[in-house]
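S.K.: Sending over a structure as structure tokens; questions will come in a sec.
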Amino acid sequence: MDTGITDFADFAHSNPVIPEKSVEGRRQFRTIWISDIHLGTRGCNAEMLIDFLDHVDSETLYLVGDIIDGWRLKKKFYWPAAHNDIVWRLLKRAKRGAKVIYIPGNHDEVFRQFSGLDFGGISIRRKAIHQTVDGRRLLVLHGDEFDAITLAHKWLAHVGDFAYNALMGLNRAVNAFRRRFNMPYWSLSKHAKAKVKNAVEFISNYEEIVAHAAGARGVDGVVCGHIHTAEHRMIQGIEYWNDGDWVEGCTALVEHFDGRMEVLHWADEIAVRELGKVSALAA
């Protein structure tokens with residue numbers, strides 16, 4: 001057992017296949033929340049997440065569940081080098097002194113049995129309370145606890161997972177075509193979800209249930225993931241934040257040093273950066 005933990009911790013000393021960029025003026029945040037990376041699946045936007053991790057730093061990093069997709073890995077093993085590089089970067093942050101808290105979700109629920117333990121400088125917790133610099137107390141949890149389908153009909157959740165992965169395959173094909181013509185990333189699945197009435201109703205109901213549960217626990221707000229929809233709403237006096245995902249939207253939630261919070265849409269950030277490079281070359 002000790003040997004495995006040692007190997008895991010020493011992974012940060014290895015070299016990634018995609019070298020870490022030396023970026024001048026890396027953006028600094030007090031706190032970053034990311035979730036639903038789904039390492040081990042073809043839908044994971046690994047290169048975009050690597051770009052994000054190479055451009056930002058924070059004192060605290062929350063990994064809010066579904067970091068590794070155990071459901072898919074059980075069916076078919078898929079683990080490209082870029083997925084190793086993400087793990088390397090997360091471990092490296094902990095080694096450099098960042099506080100890294102991992103809250104497993106339903107797709108990586110196997111890690112829930114290790115709640116309360118630390119591996120490679122990463123603390124595994126079932127949930128957490130985060131206090132912002134301006135004093136707000138936020139409950140942080142993955143959110144599958146409030147998904148009736150996941151709780152009561154796990155077989156249906158797996159069927160939905162199969163359909164979702166099929167849609168993500170189409171999403172990859174669409175974006176491969178867009179890359180050929182130098183078009184920016186666009187999420188087909190996110191667009192479809194916004195147009196389907198039942199999906200919109202499910203998301204709204206989920207957000208209200210999560211906010212109500214947070215209010216019952218006496219906190220000021222909640223940060224979760226699970227439904228792959230980045231959002232900020234005030235619901236009956238409770239601040240609801242969802243940090244989104246790195247499969248469809250490629251988003252992260254951040255807290256600035258003055259307590260201000262915002263969702264970063266990384267595809268948009270890359271597009272602005274590339275436009276700036278083009279403008280600089282044209283000048």
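Going through the structure tokens in order, the chains are called A, B, and so on, while each chain numbers its residues from 1 and the ligands are numbered from 1 in the order shown.
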Go through segment 42-125 of chain A and flag each residue having an atom no more than 9 Å from segment 257-280 of chain A; for those, report the closest pair of atoms plus their distance in Å to one decimal, using only C-alpha atoms, ordered by chain and rising number, as JSON lines.

M.R.:
{"residue": "A:Met48", "atom": "CA", "partner": "A:Trp266", "partner_atom": "CA", "distance": 7.6}
{"residue": "A:Leu49", "atom": "CA", "partner": "A:Trp266", "partner_atom": "CA", "distance": 8.3}
{"residue": "A:Asp51", "atom": "CA", "partner": "A:Ile270", "partner_atom": "CA", "distance": 8.7}
{"residue": "A:Phe52", "atom": "CA", "partner": "A:Trp266", "partner_atom": "CA", "distance": 7.0}

S.K.: Would you list the contacts of Asp66 of chain A as a CSV table (one decimal) with N, CA and C atoms, in the first residue's frame, taking every protein, DNA or RNA residue within 12 Å and counting only C-alpha atoms, but skipping same-chain residues closer than 6 positions in sequence?

M.R.:
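Final file, out04.csv:
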chain,number,residue,atom,x,y,z
A,34,ILE,N,-12.8,23.4,-10.5
A,34,ILE,CA,-13.1,22.7,-11.8
A,34,ILE,C,-13.7,21.3,-11.5
A,35,SER,N,-14.5,20.8,-12.4
A,35,SER,CA,-15.1,19.5,-12.3
A,35,SER,C,-15.4,18.9,-13.6
A,36,ASP,N,-15.8,17.6,-13.5
A,36,ASP,CA,-16.3,16.9,-14.7
A,36,ASP,C,-15.3,17.0,-15.9
A,37,ILE,N,-14.1,16.6,-15.6
A,37,ILE,CA,-13.0,16.5,-16.6
A,37,ILE,C,-13.2,15.2,-17.4
A,38,HIS,N,-13.6,14.1,-16.7
A,38,HIS,CA,-13.9,12.8,-17.3
A,38,HIS,C,-12.6,12.3,-18.1
A,39,LEU,N,-11.5,12.3,-17.3
A,39,LEU,CA,-10.3,11.6,-17.8
A,39,LEU,C,-10.6,10.2,-18.1
A,40,GLY,N,-10.1,9.6,-19.2
A,40,GLY,CA,-10.4,8.2,-19.5
A,40,GLY,C,-11.5,8.1,-20.6
A,41,THR,N,-11.9,9.3,-21.1
A,41,THR,CA,-12.9,9.3,-22.2
A,41,THR,C,-12.4,10.1,-23.3
A,44,CYS,N,-13.1,14.1,-23.2
A,44,CYS,CA,-12.3,15.1,-22.4
A,44,CYS,C,-11.5,16.0,-23.3
A,72,ARG,N,-16.6,4.7,-17.7
A,72,ARG,CA,-16.1,4.4,-19.1
A,72,ARG,C,-14.9,3.5,-19.0
A,102,TYR,N,-9.9,17.4,-3.4
A,102,TYR,CA,-10.6,16.5,-4.4
A,102,TYR,C,-11.8,15.9,-3.8
A,103,ILE,N,-13.0,16.3,-4.4
A,103,ILE,CA,-14.3,15.8,-3.9
A,103,ILE,C,-14.8,14.9,-5.0
A,104,PRO,N,-14.7,13.5,-4.9
A,104,PRO,CA,-15.1,12.6,-5.9
A,104,PRO,C,-16.6,12.7,-6.2
A,105,GLY,N,-16.9,12.5,-7.5
A,105,GLY,CA,-18.3,12.5,-7.9
A,105,GLY,C,-18.8,11.1,-8.2
A,106,ASN,N,-19.9,10.9,-8.9
A,106,ASN,CA,-20.5,9.6,-9.2
A,106,ASN,C,-19.6,8.8,-10.2
A,107,HIS,N,-19.0,9.4,-11.1
A,107,HIS,CA,-18.2,8.7,-12.1
A,107,HIS,C,-16.8,8.2,-11.5
A,108,ASP,N,-16.4,8.9,-10.5
A,108,ASP,CA,-15.1,8.5,-9.8
A,108,ASP,C,-15.4,8.2,-8.3
A,109,GLU,N,-16.6,7.6,-8.1
A,109,GLU,CA,-17.0,7.3,-6.7
A,109,GLU,C,-16.1,6.3,-6.0
A,110,VAL,N,-15.3,5.6,-6.7
A,110,VAL,CA,-14.4,4.6,-6.1
A,110,VAL,C,-13.5,5.3,-5.1
A,111,PHE,N,-13.2,6.6,-5.4
A,111,PHE,CA,-12.3,7.3,-4.5
A,111,PHE,C,-12.9,7.8,-3.3
A,112,ARG,N,-14.3,7.7,-3.2
A,112,ARG,CA,-15.0,8.2,-2.0
A,112,ARG,C,-14.6,7.4,-0.7
A,141,LEU,N,-19.6,20.6,-3.2
A,141,LEU,CA,-19.8,19.1,-3.4
A,141,LEU,C,-20.1,18.9,-4.8
A,142,HIS,N,-20.0,17.6,-5.3
A,142,HIS,CA,-20.2,17.3,-6.7
A,142,HIS,C,-21.6,17.6,-7.1
A,143,GLY,N,-22.6,17.0,-6.4
A,143,GLY,CA,-24.0,17.3,-6.7
A,143,GLY,C,-24.8,16.2,-7.1
A,144,ASP,N,-24.2,15.0,-7.4
A,144,ASP,CA,-25.0,13.8,-7.8
A,144,ASP,C,-25.9,13.4,-6.7
A,224,CYS,N,-21.1,23.5,-7.1
A,224,CYS,CA,-21.2,22.1,-7.5
A,224,CYS,C,-20.8,21.9,-9.0
A,225,GLY,N,-20.9,20.7,-9.5
A,225,GLY,CA,-20.7,20.4,-10.9
A,225,GLY,C,-21.8,19.5,-11.3
A,226,HIS,N,-21.5,18.3,-11.9
A,226,HIS,CA,-22.3,17.2,-12.2
A,226,HIS,C,-23.2,17.3,-13.4
A,227,ILE,N,-23.8,18.5,-13.7
A,227,ILE,CA,-24.8,18.6,-14.8
A,227,ILE,C,-24.2,19.2,-16.0
A,228,HIS,N,-22.8,19.5,-16.0
A,228,HIS,CA,-22.1,20.1,-17.1
A,228,HIS,C,-22.8,21.4,-17.6
A,244,GLY,N,-19.4,24.0,-14.2
A,244,GLY,CA,-19.4,23.5,-15.5
A,244,GLY,C,-18.6,22.2,-15.7
A,245,ASP,N,-17.8,22.2,-16.8
A,245,ASP,CA,-17.2,20.9,-17.1
A,245,ASP,C,-16.0,21.2,-18.1
A,246,TRP,N,-15.3,20.1,-18.4
A,246,TRP,CA,-14.2,20.1,-19.4
A,246,TRP,C,-14.5,19.1,-20.5
A,247,VAL,N,-15.8,18.9,-20.8
A,247,VAL,CA,-16.2,18.0,-21.9
A,247,VAL,C,-16.9,18.8,-22.9

S.K.: Which of segment 42-118 of chain A counts as strand (DSSP E) under DSSP, as a ChimeraX atom specification please?

M.R.: /A:56-63,99-102,118

S.K.: Pick out the residues sitting within 10 Å of Asp57 of chain A, and hand them over as an MDAnalysis selection string; count only C-alpha atoms, and ignore anything fewer than 5 positions along from it in its own chain.

M.R.: chainID A and resid 26:32 52 93 98

S.K.: Export N, CA and C atoms of the chosen residues as a compact mmCIF listing (two decimals), in the first residue's frame?

M.R.:
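And here's again28.txt as it stands now:
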# COMPACT_ATOMS: atom_id res chain seq x y z
N ARG A 26 1.19 34.73 -15.54
CA ARG A 26 0.11 33.77 -15.31
C ARG A 26 -0.97 34.43 -14.45
N ARG A 27 -2.22 34.21 -14.77
CA ARG A 27 -3.31 34.85 -14.04
C ARG A 27 -3.43 34.24 -12.65
N GLN A 28 -3.51 35.08 -11.65
CA GLN A 28 -3.53 34.64 -10.26
C GLN A 28 -4.93 34.77 -9.68
N PHE A 29 -5.38 33.71 -9.01
CA PHE A 29 -6.68 33.70 -8.35
C PHE A 29 -6.52 33.18 -6.92
N ARG A 30 -7.43 33.58 -6.08
CA ARG A 30 -7.42 33.03 -4.72
C ARG A 30 -7.86 31.57 -4.74
N THR A 31 -8.92 31.29 -5.52
CA THR A 31 -9.49 29.94 -5.55
C THR A 31 -9.94 29.60 -6.96
N ILE A 32 -9.77 28.34 -7.33
CA ILE A 32 -10.28 27.82 -8.60
C ILE A 32 -11.08 26.56 -8.31
N PHE A 52 -5.40 25.74 -19.94
CA PHE A 52 -5.92 26.47 -18.78
C PHE A 52 -4.96 26.37 -17.60
N ARG A 93 0.88 21.13 -8.76
CA ARG A 93 0.34 22.28 -8.02
C ARG A 93 0.42 22.03 -6.51
N ALA A 98 0.14 24.74 -3.43
CA ALA A 98 -1.28 25.04 -3.52
C ALA A 98 -2.07 24.02 -2.69

S.K.: State, in Å with one decimal place, the distance from atom CA of Glu47 of chain A to atom CA of Phe77 of chain A.

M.R.: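 Atom CA of Phe77 of chain A lies at a distance of 19.3 Å from atom CA of Glu47 of chain A.
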
S.K.: So that I can check the surroundings of segment 209-218 of chain A, please list as a PDB file with N, CA, C and O atoms, in the first residue's frame every protein, DNA and RNA residue that reaches within 12 Å of it, counting only C-alpha atoms and ignoring chain neighbours fewer than 4 positions away.

M.R.:
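Full text of out.pdb as output:
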ATOM      1  N   LYS A 127     -17.136  16.359   1.023  1.00  0.00           N
ATOM      2  CA  LYS A 127     -17.625  17.711   0.731  1.00  0.00           C
ATOM      3  C   LYS A 127     -16.757  18.670   1.526  1.00  0.00           C
ATOM      4  O   LYS A 127     -15.929  18.243   2.333  1.00  0.00           O
ATOM      5  N   ALA A 128     -16.928  19.963   1.281  1.00  0.00           N
ATOM      6  CA  ALA A 128     -16.103  20.954   1.978  1.00  0.00           C
ATOM      7  C   ALA A 128     -16.892  22.238   2.159  1.00  0.00           C
ATOM      8  O   ALA A 128     -17.888  22.474   1.466  1.00  0.00           O
ATOM      9  N   ILE A 129     -16.446  23.045   3.108  1.00  0.00           N
ATOM     10  CA  ILE A 129     -16.975  24.399   3.287  1.00  0.00           C
ATOM     11  C   ILE A 129     -15.847  25.359   2.935  1.00  0.00           C
ATOM     12  O   ILE A 129     -14.778  25.323   3.534  1.00  0.00           O
ATOM     13  N   ARG A 136     -18.194  34.888   2.955  1.00  0.00           N
ATOM     14  CA  ARG A 136     -19.301  33.994   2.595  1.00  0.00           C
ATOM     15  C   ARG A 136     -18.876  32.541   2.754  1.00  0.00           C
ATOM     16  O   ARG A 136     -17.750  32.174   2.407  1.00  0.00           O
ATOM     17  N   ARG A 137     -19.793  31.743   3.275  1.00  0.00           N
ATOM     18  CA  ARG A 137     -19.522  30.319   3.457  1.00  0.00           C
ATOM     19  C   ARG A 137     -20.238  29.545   2.348  1.00  0.00           C
ATOM     20  O   ARG A 137     -21.461  29.632   2.196  1.00  0.00           O
ATOM     21  N   LEU A 138     -19.448  28.790   1.563  1.00  0.00           N
ATOM     22  CA  LEU A 138     -19.981  28.069   0.420  1.00  0.00           C
ATOM     23  C   LEU A 138     -19.792  26.565   0.609  1.00  0.00           C
ATOM     24  O   LEU A 138     -18.677  26.098   0.873  1.00  0.00           O
ATOM     25  N   LEU A 139     -20.870  25.829   0.468  1.00  0.00           N
ATOM     26  CA  LEU A 139     -20.806  24.369   0.497  1.00  0.00           C
ATOM     27  C   LEU A 139     -20.293  23.900  -0.863  1.00  0.00           C
ATOM     28  O   LEU A 139     -20.806  24.300  -1.903  1.00  0.00           O
ATOM     29  N   VAL A 140     -19.266  23.062  -0.862  1.00  0.00           N
ATOM     30  CA  VAL A 140     -18.687  22.548  -2.108  1.00  0.00           C
ATOM     31  C   VAL A 140     -18.905  21.042  -2.153  1.00  0.00           C
ATOM     32  O   VAL A 140     -18.461  20.316  -1.262  1.00  0.00           O
ATOM     33  N   LEU A 141     -19.589  20.569  -3.188  1.00  0.00           N
ATOM     34  CA  LEU A 141     -19.834  19.139  -3.369  1.00  0.00           C
ATOM     35  C   LEU A 141     -20.128  18.871  -4.832  1.00  0.00           C
ATOM     36  O   LEU A 141     -20.453  19.793  -5.591  1.00  0.00           O
ATOM     37  N   HIS A 142     -20.003  17.615  -5.251  1.00  0.00           N
ATOM     38  CA  HIS A 142     -20.172  17.320  -6.675  1.00  0.00           C
ATOM     39  C   HIS A 142     -21.601  17.590  -7.132  1.00  0.00           C
ATOM     40  O   HIS A 142     -21.819  18.242  -8.152  1.00  0.00           O
ATOM     41  N   GLY A 143     -22.579  17.045  -6.405  1.00  0.00           N
ATOM     42  CA  GLY A 143     -23.972  17.337  -6.718  1.00  0.00           C
ATOM     43  C   GLY A 143     -24.808  16.158  -7.143  1.00  0.00           C
ATOM     44  O   GLY A 143     -26.036  16.264  -7.242  1.00  0.00           O
ATOM     45  N   ASP A 144     -24.187  15.002  -7.399  1.00  0.00           N
ATOM     46  CA  ASP A 144     -24.979  13.825  -7.790  1.00  0.00           C
ATOM     47  C   ASP A 144     -25.892  13.360  -6.662  1.00  0.00           C
ATOM     48  O   ASP A 144     -26.858  12.630  -6.902  1.00  0.00           O
ATOM     49  N   GLU A 145     -25.596  13.817  -5.441  1.00  0.00           N
ATOM     50  CA  GLU A 145     -26.444  13.477  -4.304  1.00  0.00           C
ATOM     51  C   GLU A 145     -27.876  13.966  -4.490  1.00  0.00           C
ATOM     52  O   GLU A 145     -28.804  13.460  -3.844  1.00  0.00           O
ATOM     53  N   PHE A 146     -28.058  14.945  -5.357  1.00  0.00           N
ATOM     54  CA  PHE A 146     -29.379  15.551  -5.553  1.00  0.00           C
ATOM     55  C   PHE A 146     -29.978  15.237  -6.915  1.00  0.00           C
ATOM     56  O   PHE A 146     -30.962  15.847  -7.319  1.00  0.00           O
ATOM     57  N   ASP A 147     -29.387  14.285  -7.611  1.00  0.00           N
ATOM     58  CA  ASP A 147     -29.880  13.857  -8.911  1.00  0.00           C
ATOM     59  C   ASP A 147     -30.719  12.600  -8.705  1.00  0.00           C
ATOM     60  O   ASP A 147     -30.191  11.523  -8.444  1.00  0.00           O
ATOM     61  N   ALA A 148     -32.027  12.724  -8.832  1.00  0.00           N
ATOM     62  CA  ALA A 148     -32.940  11.607  -8.554  1.00  0.00           C
ATOM     63  C   ALA A 148     -32.663  10.411  -9.455  1.00  0.00           C
ATOM     64  O   ALA A 148     -32.787   9.250  -9.033  1.00  0.00           O
ATOM     65  N   PHE A 202     -35.007  20.031 -16.200  1.00  0.00           N
ATOM     66  CA  PHE A 202     -34.219  19.225 -15.270  1.00  0.00           C
ATOM     67  C   PHE A 202     -33.138  20.064 -14.609  1.00  0.00           C
ATOM     68  O   PHE A 202     -32.940  20.008 -13.392  1.00  0.00           O
ATOM     69  N   ILE A 203     -32.435  20.860 -15.418  1.00  0.00           N
ATOM     70  CA  ILE A 203     -31.352  21.692 -14.888  1.00  0.00           C
ATOM     71  C   ILE A 203     -31.903  22.691 -13.873  1.00  0.00           C
ATOM     72  O   ILE A 203     -31.335  22.882 -12.792  1.00  0.00           O
ATOM     73  N   SER A 204     -33.023  23.337 -14.213  1.00  0.00           N
ATOM     74  CA  SER A 204     -33.614  24.321 -13.306  1.00  0.00           C
ATOM     75  C   SER A 204     -34.036  23.676 -11.991  1.00  0.00           C
ATOM     76  O   SER A 204     -33.774  24.216 -10.910  1.00  0.00           O
ATOM     77  N   ASN A 205     -34.692  22.525 -12.072  1.00  0.00           N
ATOM     78  CA  ASN A 205     -35.117  21.820 -10.856  1.00  0.00           C
ATOM     79  C   ASN A 205     -33.922  21.393 -10.017  1.00  0.00           C
ATOM     80  O   ASN A 205     -33.942  21.500  -8.784  1.00  0.00           O
ATOM     81  N   VAL A 222     -23.547  27.625  -2.563  1.00  0.00           N
ATOM     82  CA  VAL A 222     -23.103  26.277  -2.900  1.00  0.00           C
ATOM     83  C   VAL A 222     -22.355  26.316  -4.223  1.00  0.00           C
ATOM     84  O   VAL A 222     -22.684  27.096  -5.115  1.00  0.00           O
ATOM     85  N   VAL A 223     -21.319  25.488  -4.319  1.00  0.00           N
ATOM     86  CA  VAL A 223     -20.577  25.284  -5.567  1.00  0.00           C
ATOM     87  C   VAL A 223     -20.644  23.797  -5.890  1.00  0.00           C
ATOM     88  O   VAL A 223     -20.318  22.956  -5.051  1.00  0.00           O
ATOM     89  N   CYS A 224     -21.078  23.481  -7.104  1.00  0.00           N
ATOM     90  CA  CYS A 224     -21.188  22.073  -7.490  1.00  0.00           C
ATOM     91  C   CYS A 224     -20.826  21.915  -8.955  1.00  0.00           C
ATOM     92  O   CYS A 224     -20.456  22.878  -9.646  1.00  0.00           O
ATOM     93  N   GLY A 225     -20.940  20.693  -9.457  1.00  0.00           N
ATOM     94  CA  GLY A 225     -20.711  20.378 -10.860  1.00  0.00           C
ATOM     95  C   GLY A 225     -21.827  19.464 -11.328  1.00  0.00           C
ATOM     96  O   GLY A 225     -22.993  19.786 -11.219  1.00  0.00           O
ATOM     97  N   HIS A 226     -21.461  18.303 -11.853  1.00  0.00           N
ATOM     98  CA  HIS A 226     -22.340  17.183 -12.168  1.00  0.00           C
ATOM     99  C   HIS A 226     -23.159  17.340 -13.446  1.00  0.00           C
ATOM    100  O   HIS A 226     -23.194  16.416 -14.248  1.00  0.00           O
ATOM    101  N   ILE A 227     -23.841  18.462 -13.662  1.00  0.00           N
ATOM    102  CA  ILE A 227     -24.771  18.550 -14.791  1.00  0.00           C
ATOM    103  C   ILE A 227     -24.161  19.244 -16.013  1.00  0.00           C
ATOM    104  O   ILE A 227     -24.863  19.488 -16.993  1.00  0.00           O
ATOM    105  N   HIS A 232     -24.604  30.785 -12.560  1.00  0.00           N
ATOM    106  CA  HIS A 232     -24.670  31.528 -11.309  1.00  0.00           C
ATOM    107  C   HIS A 232     -26.071  32.065 -11.158  1.00  0.00           C
ATOM    108  O   HIS A 232     -26.576  32.763 -12.050  1.00  0.00           O
ATOM    109  N   ARG A 233     -26.735  31.718 -10.059  1.00  0.00           N
ATOM    110  CA  ARG A 233     -28.084  32.204  -9.771  1.00  0.00           C
ATOM    111  C   ARG A 233     -28.227  32.454  -8.279  1.00  0.00           C
ATOM    112  O   ARG A 233     -27.579  31.794  -7.465  1.00  0.00           O
ATOM    113  N   MET A 234     -29.078  33.409  -7.947  1.00  0.00           N
ATOM    114  CA  MET A 234     -29.510  33.564  -6.559  1.00  0.00           C
ATOM    115  C   MET A 234     -30.859  32.866  -6.448  1.00  0.00           C
ATOM    116  O   MET A 234     -31.801  33.196  -7.188  1.00  0.00           O
ATOM    117  N   ILE A 235     -30.951  31.891  -5.569  1.00  0.00           N
ATOM    118  CA  ILE A 235     -32.172  31.100  -5.420  1.00  0.00           C
ATOM    119  C   ILE A 235     -32.623  31.174  -3.960  1.00  0.00           C
ATOM    120  O   ILE A 235     -31.992  30.599  -3.077  1.00  0.00           O
ATOM    121  N   GLN A 236     -33.669  31.944  -3.711  1.00  0.00           N
ATOM    122  CA  GLN A 236     -34.211  32.121  -2.360  1.00  0.00           C
ATOM    123  C   GLN A 236     -33.116  32.523  -1.371  1.00  0.00           C
ATOM    124  O   GLN A 236     -33.018  31.980  -0.272  1.00  0.00           O
ATOM    125  N   GLY A 237     -32.290  33.476  -1.787  1.00  0.00           N
ATOM    126  CA  GLY A 237     -31.247  34.005  -0.915  1.00  0.00           C
ATOM    127  C   GLY A 237     -29.980  33.186  -0.861  1.00  0.00           C
ATOM    128  O   GLY A 237     -29.022  33.569  -0.165  1.00  0.00           O
ATOM    129  N   ILE A 238     -29.931  32.070  -1.577  1.00  0.00           N
ATOM    130  CA  ILE A 238     -28.746  31.218  -1.602  1.00  0.00           C
ATOM    131  C   ILE A 238     -28.030  31.410  -2.937  1.00  0.00           C
ATOM    132  O   ILE A 238     -28.640  31.393  -4.004  1.00  0.00           O
ATOM    133  N   GLU A 239     -26.729  31.599  -2.856  1.00  0.00           N
ATOM    134  CA  GLU A 239     -25.927  31.800  -4.060  1.00  0.00           C
ATOM    135  C   GLU A 239     -25.567  30.440  -4.655  1.00  0.00           C
ATOM    136  O   GLU A 239     -24.857  29.648  -4.036  1.00  0.00           O
ATOM    137  N   TYR A 240     -26.056  30.158  -5.845  1.00  0.00           N
ATOM    138  CA  TYR A 240     -25.790  28.899  -6.529  1.00  0.00           C
ATOM    139  C   TYR A 240     -24.749  29.111  -7.615  1.00  0.00           C
ATOM    140  O   TYR A 240     -24.910  29.956  -8.493  1.00  0.00           O
ATOM    141  N   TRP A 241     -23.675  28.320  -7.544  1.00  0.00           N
ATOM    142  CA  TRP A 241     -22.644  28.335  -8.574  1.00  0.00           C
ATOM    143  C   TRP A 241     -22.447  26.916  -9.086  1.00  0.00           C
ATOM    144  O   TRP A 241     -22.364  25.969  -8.301  1.00  0.00           O
ATOM    145  N   ASN A 242     -22.367  26.767 -10.413  1.00  0.00           N
ATOM    146  CA  ASN A 242     -21.946  25.491 -10.999  1.00  0.00           C
ATOM    147  C   ASN A 242     -20.723  25.792 -11.854  1.00  0.00           C
ATOM    148  O   ASN A 242     -20.754  26.707 -12.691  1.00  0.00           O
TER     149      ASN A 242
END
